[in-house]
file upload16.txt (compact mmCIF, C-alpha atoms and all ligand atoms)
# COMPACT_ATOMS: atom_id res chain seq x y z
CA MET A 27 46.13 157.31 114.88
CA HIS A 28 44.47 153.93 114.28
CA ILE A 29 46.15 150.53 113.94
CA LEU A 30 44.26 147.44 112.79
CA ALA A 31 45.81 144.29 114.33
CA ILE A 32 45.29 140.69 113.24
CA GLU A 33 46.01 137.53 115.29
CA SER A 34 45.91 134.13 113.57
CA SER A 35 48.74 132.11 115.15
CA CYS A 36 46.76 129.09 116.31
CA ASP A 37 43.02 128.39 116.35
CA ASP A 38 41.53 131.83 117.11
CA THR A 39 40.97 134.43 114.39
CA SER A 40 41.00 137.83 116.03
CA ALA A 41 41.07 141.50 114.94
CA SER A 42 41.36 144.66 116.99
CA VAL A 43 41.51 148.40 116.41
CA ILE A 44 43.64 150.58 118.68
CA ALA A 45 43.56 154.40 118.75
CA ASN A 46 46.92 155.50 120.18
CA ASP A 47 47.10 153.22 123.27
CA HIS A 48 43.35 152.79 123.68
CA ILE A 49 41.66 149.59 122.45
CA LEU A 50 38.46 150.41 120.50
CA SER A 51 37.48 146.86 119.53
CA ASN A 52 38.55 143.25 119.97
CA VAL A 53 36.69 140.58 118.00
CA THR A 54 37.60 136.88 118.20
CA ALA A 55 36.18 133.87 116.37
CA THR A 56 37.10 130.64 118.16
CA GLN A 57 37.30 127.50 116.03
CA GLU A 58 35.09 124.67 117.24
CA VAL A 59 36.19 122.24 114.52
CA HIS A 60 39.14 120.86 116.58
CA LYS A 61 37.06 119.71 119.56
CA GLU A 62 36.41 116.22 118.20
CA TYR A 63 40.11 115.60 117.42
CA GLY A 64 41.56 116.28 120.90
CA GLY A 65 43.95 118.96 119.63
CA VAL A 66 44.39 121.63 116.96
CA ILE A 67 44.61 120.22 113.40
CA PRO A 68 46.82 122.74 111.55
CA GLU A 69 45.31 122.22 108.08
CA LEU A 70 41.77 122.70 109.39
CA ALA A 71 42.85 125.75 111.41
CA SER A 72 44.23 127.60 108.38
CA ARG A 73 41.08 126.87 106.34
CA VAL A 74 38.81 128.20 109.08
CA HIS A 75 41.01 131.32 109.44
CA GLN A 76 40.39 131.97 105.75
CA GLN A 77 36.63 131.76 106.30
CA ASN A 78 36.71 133.92 109.45
CA ILE A 79 39.19 136.65 108.65
CA VAL A 80 37.00 138.99 106.55
CA PRO A 81 33.91 138.95 108.83
CA VAL A 82 36.10 139.28 111.96
CA ILE A 83 37.95 142.33 110.57
CA ASP A 84 34.67 143.84 109.34
CA LYS A 85 33.21 143.55 112.81
CA ALA A 86 36.34 144.96 114.48
CA LEU A 87 36.14 148.05 112.25
CA LYS A 88 32.38 148.42 112.87
CA ASP A 89 32.77 148.03 116.65
CA ALA A 90 35.52 150.66 116.60
CA GLY A 91 33.30 152.97 114.55
CA ILE A 92 35.93 153.55 111.86
CA GLN A 93 36.21 152.91 108.13
CA LYS A 94 39.01 151.19 106.26
CA LYS A 95 40.43 154.48 104.98
CA GLU A 96 40.95 155.67 108.57
CA ILE A 97 43.46 152.89 109.33
CA ASP A 98 47.01 154.30 109.64
CA ALA A 99 48.91 150.97 109.95
CA VAL A 100 48.17 147.26 109.88
CA ALA A 101 49.79 144.79 112.28
CA PHE A 102 49.82 141.00 112.31
CA THR A 103 51.29 138.12 114.33
CA GLN A 104 54.49 136.99 112.62
CA GLY A 105 55.11 134.07 115.00
CA PRO A 106 55.50 131.82 116.85
CA GLY A 107 52.57 129.69 115.71
CA LEU A 108 51.31 127.33 113.04
CA LEU A 109 52.69 128.22 109.61
CA GLY A 110 49.40 127.79 107.71
CA SER A 111 47.50 129.85 110.29
CA LEU A 112 50.12 132.61 110.39
CA LEU A 113 50.12 132.80 106.58
CA VAL A 114 46.44 133.77 106.51
CA GLY A 115 46.93 136.81 108.79
CA CYS A 116 50.24 137.73 107.17
CA SER A 117 48.89 137.64 103.60
CA PHE A 118 45.78 139.58 104.51
CA ALA A 119 47.76 142.26 106.39
CA LYS A 120 50.25 142.66 103.54
CA ALA A 121 47.49 143.01 100.95
CA LEU A 122 45.66 145.58 103.06
CA ALA A 123 48.81 147.60 103.76
CA LEU A 124 49.66 147.59 100.05
CA SER A 125 46.19 148.60 98.91
CA LEU A 126 45.84 151.40 101.49
CA ASP A 127 49.50 152.41 101.15
CA ILE A 128 50.07 152.31 104.93
CA PRO A 129 52.88 150.79 107.06
CA LEU A 130 52.98 147.11 107.97
CA ILE A 131 53.97 146.02 111.51
CA THR A 132 55.04 142.51 112.57
CA VAL A 133 54.32 141.39 116.13
CA ASN A 134 55.82 138.54 118.17
CA HIS A 135 52.91 136.60 119.73
CA MET A 136 54.75 135.94 123.01
CA GLU A 137 55.74 139.58 123.43
CA ALA A 138 52.14 140.52 122.73
CA HIS A 139 50.89 138.25 125.56
CA ILE A 140 53.13 140.34 127.82
CA MET A 141 51.99 143.67 126.35
CA ALA A 142 48.37 142.68 127.15
CA HIS A 143 49.18 144.00 130.64
CA PHE A 144 49.22 147.53 129.24
CA ILE A 145 45.65 147.45 127.91
CA GLU A 146 43.98 148.24 131.22
CA ASP A 147 44.90 149.61 134.66
CA PRO A 148 46.64 148.73 136.91
CA LYS A 149 49.74 148.34 134.72
CA PRO A 150 53.01 146.79 135.91
CA GLU A 151 56.08 148.96 136.39
CA TYR A 152 59.35 148.12 134.65
CA PRO A 153 61.22 145.92 135.26
CA PHE A 154 58.73 143.14 135.92
CA LEU A 155 58.67 139.37 135.56
CA CYS A 156 56.03 137.77 133.35
CA LEU A 157 55.00 134.13 133.60
CA THR A 158 53.49 133.32 130.20
CA VAL A 159 51.55 130.07 130.36
CA SER A 160 49.58 128.94 127.32
CA GLY A 161 48.87 125.88 125.22
CA GLY A 162 52.10 126.43 123.28
CA HIS A 163 54.44 128.12 125.74
CA THR A 164 55.67 128.30 129.31
CA GLN A 165 58.15 131.07 129.96
CA ILE A 166 59.41 133.45 132.61
CA VAL A 167 60.46 136.70 130.97
CA LYS A 168 62.18 139.71 132.50
CA VAL A 169 60.55 142.76 130.92
CA SER A 170 62.67 145.91 131.16
CA SER A 171 60.78 147.90 128.50
CA PRO A 172 58.44 147.16 125.57
CA ARG A 173 61.57 146.59 123.50
CA GLN A 174 63.79 144.82 126.03
CA MET A 175 62.59 141.40 127.08
CA ASP A 176 64.84 138.57 128.27
CA VAL A 177 63.67 134.98 128.57
CA LEU A 178 64.91 133.69 131.95
CA GLY A 179 63.37 130.24 131.65
CA THR A 180 61.38 128.23 129.20
CA THR A 181 60.04 124.69 128.81
CA ARG A 182 62.18 121.89 127.43
CA ASP A 183 59.20 119.92 126.18
CA ASP A 184 55.46 120.36 126.75
CA ALA A 185 53.88 123.67 127.73
CA ALA A 186 51.75 123.93 130.89
CA GLY A 187 48.51 124.17 128.87
CA GLU A 188 49.60 121.23 126.75
CA ALA A 189 50.10 119.19 129.95
CA PHE A 190 46.54 120.01 131.04
CA ASP A 191 45.21 119.12 127.57
CA LYS A 192 47.17 115.87 127.13
CA ILE A 193 46.44 114.58 130.63
CA GLY A 194 42.79 115.53 130.03
CA LYS A 195 42.84 113.33 126.96
CA TYR A 196 43.97 110.33 129.08
CA LEU A 197 41.05 111.09 131.38
CA GLY A 198 38.61 111.09 128.46
CA LEU A 199 37.97 114.86 128.61
CA SER A 200 37.40 116.92 125.47
CA TYR A 201 39.82 119.51 124.05
CA PRO A 202 40.84 121.94 125.46
CA ALA A 203 40.86 120.07 128.77
CA GLY A 204 42.43 122.86 130.89
CA PRO A 205 39.15 124.60 131.81
CA ILE A 206 37.40 121.22 132.42
CA ILE A 207 40.18 120.01 134.75
CA ASP A 208 39.97 123.37 136.54
CA GLU A 209 36.23 122.94 137.15
CA LEU A 210 36.50 119.30 138.28
CA ALA A 211 39.50 120.10 140.50
CA GLN A 212 37.43 122.57 142.49
CA LYS A 213 35.21 119.69 143.63
CA GLY A 214 38.09 117.32 144.44
CA ASN A 215 41.06 116.98 146.78
CA SER A 216 44.71 116.72 145.88
CA VAL A 217 45.23 113.21 147.31
CA PHE A 218 47.47 111.64 144.65
CA THR A 219 51.12 112.63 144.32
CA PHE A 220 52.99 112.80 141.04
CA SER A 221 56.70 113.27 140.59
CA LYS A 222 57.86 116.80 139.85
CA PRO A 223 60.73 117.52 137.43
CA LYS A 224 64.16 118.38 138.76
CA ILE A 225 65.21 121.01 136.27
CA GLU A 226 68.07 123.34 137.15
CA GLY A 227 67.57 127.09 137.08
CA LEU A 228 64.36 128.56 135.74
CA GLY A 229 63.58 125.96 133.06
CA PHE A 230 60.39 123.90 132.97
CA SER A 231 59.46 120.39 131.90
CA PHE A 232 56.01 118.82 131.86
CA SER A 233 56.43 115.66 129.80
CA GLY A 234 57.63 113.63 132.83
CA LEU A 235 54.48 114.56 134.74
CA LYS A 236 52.37 113.49 131.77
CA THR A 237 54.10 110.08 131.69
CA SER A 238 53.88 109.68 135.46
CA VAL A 239 50.09 110.33 135.35
CA LEU A 240 49.74 107.86 132.47
CA TYR A 241 51.60 105.06 134.34
CA PHE A 242 49.66 105.81 137.51
CA LEU A 243 46.34 105.56 135.67
CA LYS A 244 47.34 102.34 133.89
CA ALA A 245 48.33 100.70 137.19
CA GLU A 246 45.14 101.81 138.97
CA ILE A 247 42.88 100.77 136.07
CA LYS A 248 44.42 97.27 136.22
CA LYS A 249 43.17 97.01 139.82
CA ASP A 250 39.84 98.74 139.16
CA PRO A 251 38.65 99.42 135.59
CA ASP A 252 36.38 102.24 136.87
CA PHE A 253 39.21 104.04 138.70
CA ILE A 254 39.01 107.19 136.54
CA GLN A 255 35.23 107.56 136.80
CA LYS A 256 35.29 107.00 140.57
CA ASN A 257 38.17 109.41 141.25
CA LEU A 258 37.99 111.98 138.44
CA GLN A 259 37.68 115.06 140.65
CA ASP A 260 40.54 114.02 142.94
CA ILE A 261 42.77 113.11 139.96
CA CYS A 262 42.09 116.54 138.43
CA ALA A 263 42.77 118.31 141.74
CA SER A 264 46.05 116.38 142.13
CA VAL A 265 47.24 117.03 138.56
CA GLN A 266 46.31 120.71 138.73
CA SER A 267 47.99 121.21 142.06
CA THR A 268 51.21 119.57 140.78
CA ILE A 269 51.29 121.82 137.67
CA ILE A 270 50.67 124.90 139.84
CA GLU A 271 53.46 123.92 142.27
CA ILE A 272 55.91 123.52 139.37
CA LEU A 273 55.00 126.98 138.02
CA ILE A 274 54.98 128.81 141.35
CA ASP A 275 58.24 127.27 142.48
CA LYS A 276 60.01 128.79 139.44
CA VAL A 277 58.31 132.17 139.81
CA GLU A 278 59.54 132.35 143.42
CA LYS A 279 63.05 131.39 142.27
CA ALA A 280 63.00 134.05 139.54
CA CYS A 281 61.90 136.74 142.01
CA THR A 282 64.70 135.92 144.41
CA GLN A 283 67.27 135.71 141.61
CA GLU A 284 66.28 139.02 140.00
CA GLY A 285 65.15 140.89 143.12
CA ILE A 286 61.92 141.88 141.35
CA LYS A 287 58.55 141.92 143.09
CA GLN A 288 56.37 142.99 140.14
CA ILE A 289 54.83 139.76 138.85
CA ALA A 290 52.63 139.51 135.76
CA VAL A 291 50.88 136.41 134.44
CA ALA A 292 49.69 135.93 130.85
CA GLY A 293 48.38 133.23 128.50
CA GLY A 294 45.35 130.92 128.57
CA VAL A 295 46.43 128.94 131.67
CA SER A 296 46.32 132.14 133.75
CA ALA A 297 42.54 131.60 133.68
CA ASN A 298 43.09 128.67 136.04
CA SER A 299 41.32 129.37 139.32
CA GLY A 300 43.78 127.34 141.40
CA LEU A 301 46.79 129.12 139.88
CA ARG A 302 45.19 132.53 140.48
CA ALA A 303 44.36 131.70 144.09
CA ARG A 304 47.84 130.33 144.85
CA LEU A 305 49.53 133.30 143.19
CA LYS A 306 47.45 135.69 145.30
CA LEU A 307 48.52 133.85 148.47
CA LYS A 308 52.17 134.00 147.39
CA ALA A 309 51.81 137.69 146.53
CA ASP A 310 50.61 138.37 150.09
CA GLU A 311 53.39 136.22 151.54
CA HIS A 312 56.20 137.84 149.54
CA ASN A 313 54.77 141.33 149.12
CA TRP A 314 54.53 140.99 145.31
CA SER A 315 52.46 143.30 143.12
CA LEU A 316 50.51 140.80 141.02
CA TYR A 317 49.02 141.56 137.59
CA ILE A 318 46.66 139.23 135.72
CA PRO A 319 44.75 140.74 132.76
CA ARG A 320 41.06 140.15 132.20
CA LEU A 321 40.42 136.70 130.70
CA GLU A 322 39.57 138.18 127.29
CA TYR A 323 43.13 139.57 127.16
CA CYS A 324 44.79 136.45 128.67
CA THR A 325 43.74 133.98 125.96
CA ASP A 326 44.74 134.60 122.34
CA ASN A 327 43.36 137.95 121.15
CA ALA A 328 44.24 140.74 118.72
CA ALA A 329 44.03 143.54 121.31
CA MET A 330 47.39 142.40 122.70
CA ILE A 331 48.81 142.40 119.14
CA ALA A 332 47.48 145.95 118.72
CA MET A 333 49.11 147.09 121.99
CA ALA A 334 52.48 145.59 121.00
CA ALA A 335 52.10 147.18 117.54
CA HIS A 336 51.41 150.59 119.14
CA TYR A 337 54.92 150.59 120.67
CA LYS A 338 56.50 149.47 117.40
CA TYR A 339 54.63 152.23 115.55
CA LEU A 340 56.01 154.81 118.00
CA ALA A 341 59.52 153.47 117.34
CA GLY A 342 58.95 153.60 113.55
CA ASP A 343 59.63 149.86 113.40
CA PHE A 344 57.87 148.85 110.16
CA ALA A 345 58.19 145.70 108.05
CA PRO A 346 58.74 145.40 104.29
CA GLN A 347 56.27 143.61 101.99
CA THR A 348 58.78 140.73 101.70
CA VAL A 349 58.34 139.76 105.37
CA LYS A 350 57.38 136.14 106.07
CA PRO A 351 55.67 134.34 108.96
CA MET A 352 58.12 132.72 111.40
CA PRO A 353 56.59 129.67 113.15
CA ARG A 354 59.46 129.38 115.65
CA LEU A 355 60.07 133.07 116.34
CA GLY A 356 61.57 133.52 119.81
CA ILE A 357 61.58 136.41 122.24
CA ASN A 358 64.86 138.27 122.36
CA ALA A 359 66.25 141.69 121.89
CA GLU A 360 67.55 141.24 118.37
CA VAL A 361 64.21 140.26 116.79
CA LEU A 362 62.53 143.33 118.27
O1 LIG A 401 46.82 131.39 125.35
P1 LIG A 401 45.87 130.36 124.82
O2 LIG A 401 44.43 130.78 124.64
O3 LIG A 401 46.33 129.81 123.45
C1 LIG A 401 47.65 129.48 123.17
O4 LIG A 401 48.42 130.37 122.73
O5 LIG A 401 47.98 128.29 123.42
O6 LIG A 401 45.95 129.10 125.82
C2 LIG A 401 45.20 127.94 125.61
C3 LIG A 401 45.57 126.95 126.70
C4 LIG A 401 44.97 125.56 126.50
O7 LIG A 401 45.98 124.60 126.70
C5 LIG A 401 43.91 125.45 127.59
O8 LIG A 401 43.68 124.13 128.05
C6 LIG A 401 44.51 126.32 128.67
O9 LIG A 401 45.08 127.42 127.98
N1 LIG A 401 43.49 126.83 129.61
C7 LIG A 401 43.44 126.45 130.91
C8 LIG A 401 42.32 127.09 131.48
N2 LIG A 401 41.73 127.85 130.49
C9 LIG A 401 42.46 127.67 129.36
N3 LIG A 401 44.24 125.63 131.62
C10 LIG A 401 43.94 125.44 132.92
N4 LIG A 401 42.88 126.03 133.53
C11 LIG A 401 42.05 126.84 132.86
N5 LIG A 401 41.01 127.43 133.48
ZN ZN A 402 48.94 132.61 122.88

call {"tool": "encode", "arguments": {"input": "upload16.txt", "output": "structure tokens"}}
result
Amino acid sequence: MHILAIESSCDDTSASVIANDHILSNVTATQEVHKEYGGVIPELASRVHQQNIVPVIDKALKDAGIQKKEIDAVAFTQGPGLLGSLLVGCSFAKALALSLDIPLITVNHMEAHIMAHFIEDPKPEYPFLCLTVSGGHTQIVKVSSPRQMDVLGTTRDDAAGEAFDKIGKYLGLSYPAGPIIDELAQKGNSVFTFSKPKIEGLGFSFSGLKTSVLYFLKAEIKKDPDFIQKNLQDICASVQSTIIEILIDKVEKACTQEGIKQIAVAGGVSANSGLRARLKLKADEHNWSLYIPRLEYCTDNAAMIAMAAHYKYLAGDFAPQTVKPMPRLGINAEVL
């Protein structure tokens, strides 16, 4: 049984083939066009998806060693994401399903980030908590089964990755700034303190931190116009450490609240070396089993869409040809 899965929610065009629960291929074309703008430009993203989608799918089929006629179902990301980008994957998947007369499967991008943990061993045991940290989302989800996920906390404003990227922009770094801040932070010390949000429960907020960094920089630049250049590594270390503290504080709270010690981390920000190191320390301290997928499966990829689709295929959960992309699709039981 082969499923072809397509991911096109933001700025990566990706295709993957899964045979039962085994990933045969995962091909991703990353869009470079946004670098000079300091963020993803939706209109440009959808145009580049259109250019990339056929060669990416071709390569995914070739890498998997199968032909089009061997595909048993086609899956695509329905949301959340950018409407124009989602439309490209959705339209292509519908056309392919229609022409091959095979079932169509819709996948929720955020649920797929979580299902990425089932691609390789070791896999978490249910129930587990997943911290999903990407450029678009910051969530703590209680995962009881592939079809029962409950969002325990989410961000009120910016996502963690967005905070890295926006603060990076103030520092004159190119987009996406997360990996650059990570690298610079490793050479610096966390000597500056920024205010942390006081959000009740398991919610997150990062826009206050962004503003506090901006005011801090403005004040320091008034005293010394070269402040950023002279202190870049220490500023990065301080910002990164504040973001990590905010995230880890809520993960610890969620563990205590739910009495769960299986902790999974997903999304592009889980590549952050500081976050990984601090989570490992906390795991030792609290006796957590910690799961972080390989980087290729942490950032946006179609293999995670394929894995989520595999479970929907088993449940016979197929979509009609009238299905539409949903840019604001949320995780919850009723959309599953
Ligand atoms: O999951 P992802 O690839 O795409 C989205 O769905 O958003 O995540 C991209 C985000 C960007 O904000 C990027 O700056 C951040 O992940 N990121 C990092 C690192 N690598 C990627 N943030 C901090 N440290 C990193 N090493
Ligand atoms: Zn994502």

call {"tool": "atom_distance", "arguments": {"input": "upload16.txt", "atom1": "atom CA of A:Gly342", "atom2": "atom CA of A:Pro172"}}
result
13.6 Å

call {"tool": "closest_residue", "arguments": {"input": "upload16.txt", "among": "A:Ala99, A:Met136, A:Ala345, A:Ala186", "to": "A:Leu273", "atoms": "all atoms listed in the file"}}
result
A:Ala186

call {"tool": "residues_around", "arguments": {"input": "upload16.txt", "residues": "stretch 328-333 of chain A", "least_positions_apart": "4", "cutoff": "7 Å", "atoms": "only C-alpha atoms", "output": "list in words"}}
result
Ile29, Leu30, Ala31, Ile32, Glu33, Ser40, Ala41, Ser42, Val43, Ile44, Asp47, Ile49, Asn52, Ala101, Thr103, Val133, Ala138, His139, Met141, Ala142, Ile145, Tyr323 and Tyr337 of chain A

call {"tool": "closest_residue", "arguments": {"input": "upload16.txt", "among": "A:Ile247, A:Leu210, A:Ala335, A:Ile286", "to": "ligand LIG 401 (chain A)", "atoms": "all atoms listed in the file"}}
result
A:Leu210

call {"tool": "axis_aligned_box", "arguments": {"input": "upload16.txt", "around": "stretch 255-263 of chain A", "padding_each_side": "5 Å", "output": "JSON"}}
result
{"center_x": 39.0, "center_y": 112.7, "center_z": 139.9, "size_x": 17.5, "size_y": 21.3, "size_z": 16.1}

call {"tool": "residues_around", "arguments": {"input": "upload16.txt", "residues": "A:Ile274", "least_positions_apart": "4", "cutoff": "9 Å", "atoms": "only C-alpha atoms", "output": "JSON, numbers by chain"}}
result
{"A": [269, 270, 278, 279, 301, 304, 305, 308]}

call {"tool": "residues_near_ligand", "arguments": {"input": "upload16.txt", "ligand": "ligand ZN 402 (chain A)", "cutoff": "6 Å", "atoms": "only C-alpha atoms and all ligand atoms", "output": "short mmCIF file (atom, residue, chain, number, x, y, z; two decimals) with C-alpha atoms, in the coordinates of the input"}}
result
data_model
loop_
_atom_site.label_atom_id
_atom_site.label_comp_id
_atom_site.auth_asym_id
_atom_site.auth_seq_id
_atom_site.Cartn_x
_atom_site.Cartn_y
_atom_site.Cartn_z
CA SER A 160 49.58 128.94 127.32
CA GLY A 293 48.38 133.23 128.50
CA ASP A 326 44.74 134.60 122.34
#

call {"tool": "residues_near_ligand", "arguments": {"input": "upload16.txt", "ligand": "ligand LIG 401 (chain A)", "cutoff": "8 Å", "atoms": "only C-alpha atoms and all ligand atoms", "output": "mmCIF file with C-alpha atoms, in the frame of the given file"}}
result
data_model
loop_
_atom_site.group_PDB
_atom_site.id
_atom_site.type_symbol
_atom_site.label_atom_id
_atom_site.label_comp_id
_atom_site.auth_asym_id
_atom_site.auth_seq_id
_atom_site.Cartn_x
_atom_site.Cartn_y
_atom_site.Cartn_z
ATOM 1 C CA SER A 35 48.740 132.110 115.150
ATOM 2 C CA CYS A 36 46.760 129.090 116.310
ATOM 3 C CA ASP A 37 43.020 128.390 116.350
ATOM 4 C CA HIS A 139 50.890 138.250 125.560
ATOM 5 C CA VAL A 159 51.550 130.070 130.360
ATOM 6 C CA SER A 160 49.580 128.940 127.320
ATOM 7 C CA GLY A 161 48.870 125.880 125.220
ATOM 8 C CA GLY A 162 52.100 126.430 123.280
ATOM 9 C CA HIS A 163 54.440 128.120 125.740
ATOM 10 C CA ALA A 186 51.750 123.930 130.890
ATOM 11 C CA GLY A 187 48.510 124.170 128.870
ATOM 12 C CA GLU A 188 49.600 121.230 126.750
ATOM 13 C CA ALA A 189 50.100 119.190 129.950
ATOM 14 C CA PHE A 190 46.540 120.010 131.040
ATOM 15 C CA ASP A 191 45.210 119.120 127.570
ATOM 16 C CA TYR A 201 39.820 119.510 124.050
ATOM 17 C CA PRO A 202 40.840 121.940 125.460
ATOM 18 C CA ALA A 203 40.860 120.070 128.770
ATOM 19 C CA GLY A 204 42.430 122.860 130.890
ATOM 20 C CA PRO A 205 39.150 124.600 131.810
ATOM 21 C CA ILE A 206 37.400 121.220 132.420
ATOM 22 C CA ILE A 207 40.180 120.010 134.750
ATOM 23 C CA ASP A 208 39.970 123.370 136.540
ATOM 24 C CA GLU A 209 36.230 122.940 137.150
ATOM 25 C CA GLN A 266 46.310 120.710 138.730
ATOM 26 C CA ALA A 292 49.690 135.930 130.850
ATOM 27 C CA GLY A 293 48.380 133.230 128.500
ATOM 28 C CA GLY A 294 45.350 130.920 128.570
ATOM 29 C CA VAL A 295 46.430 128.940 131.670
ATOM 30 C CA SER A 296 46.320 132.140 133.750
ATOM 31 C CA ALA A 297 42.540 131.600 133.680
ATOM 32 C CA ASN A 298 43.090 128.670 136.040
ATOM 33 C CA SER A 299 41.320 129.370 139.320
ATOM 34 C CA CYS A 324 44.790 136.450 128.670
ATOM 35 C CA THR A 325 43.740 133.980 125.960
ATOM 36 C CA ASP A 326 44.740 134.600 122.340
#

call {"tool": "closest_residue", "arguments": {"input": "upload16.txt", "among": "A:Cys116, A:Leu197, A:Leu130, A:Leu157", "to": "A:Gly64", "atoms": "only C-alpha atoms"}}
result
A:Leu197

call {"tool": "atom_distance", "arguments": {"input": "upload16.txt", "atom1": "atom CA of A:Ile166", "atom2": "atom CA of A:Ser231"}}
result
13.1 Å

call {"tool": "residues_around", "arguments": {"input": "upload16.txt", "residues": "A:Gln104", "least_positions_apart": "4", "cutoff": "7 Å", "atoms": "all atoms listed in the file", "output": "PyMOL selection string"}}
result
chain A and resi 112+116+132-134+351-352

call {"tool": "closest_residue", "arguments": {"input": "upload16.txt", "among": "A:Asn257, A:Ser264, A:Gln76, A:Thr158", "to": "A:Ser221", "atoms": "all atoms listed in the file"}}
result
A:Ser264

call {"tool": "closest_residue", "arguments": {"input": "upload16.txt", "among": "A:Ala290, A:Ser117, A:Ile79, A:Gly65", "to": "A:Lys192", "atoms": "only C-alpha atoms"}}
result
A:Gly65

call {"tool": "atom_distance", "arguments": {"input": "upload16.txt", "atom1": "atom CA of A:Val169", "atom2": "atom CA of A:Phe154"}}
result
5.3 Å
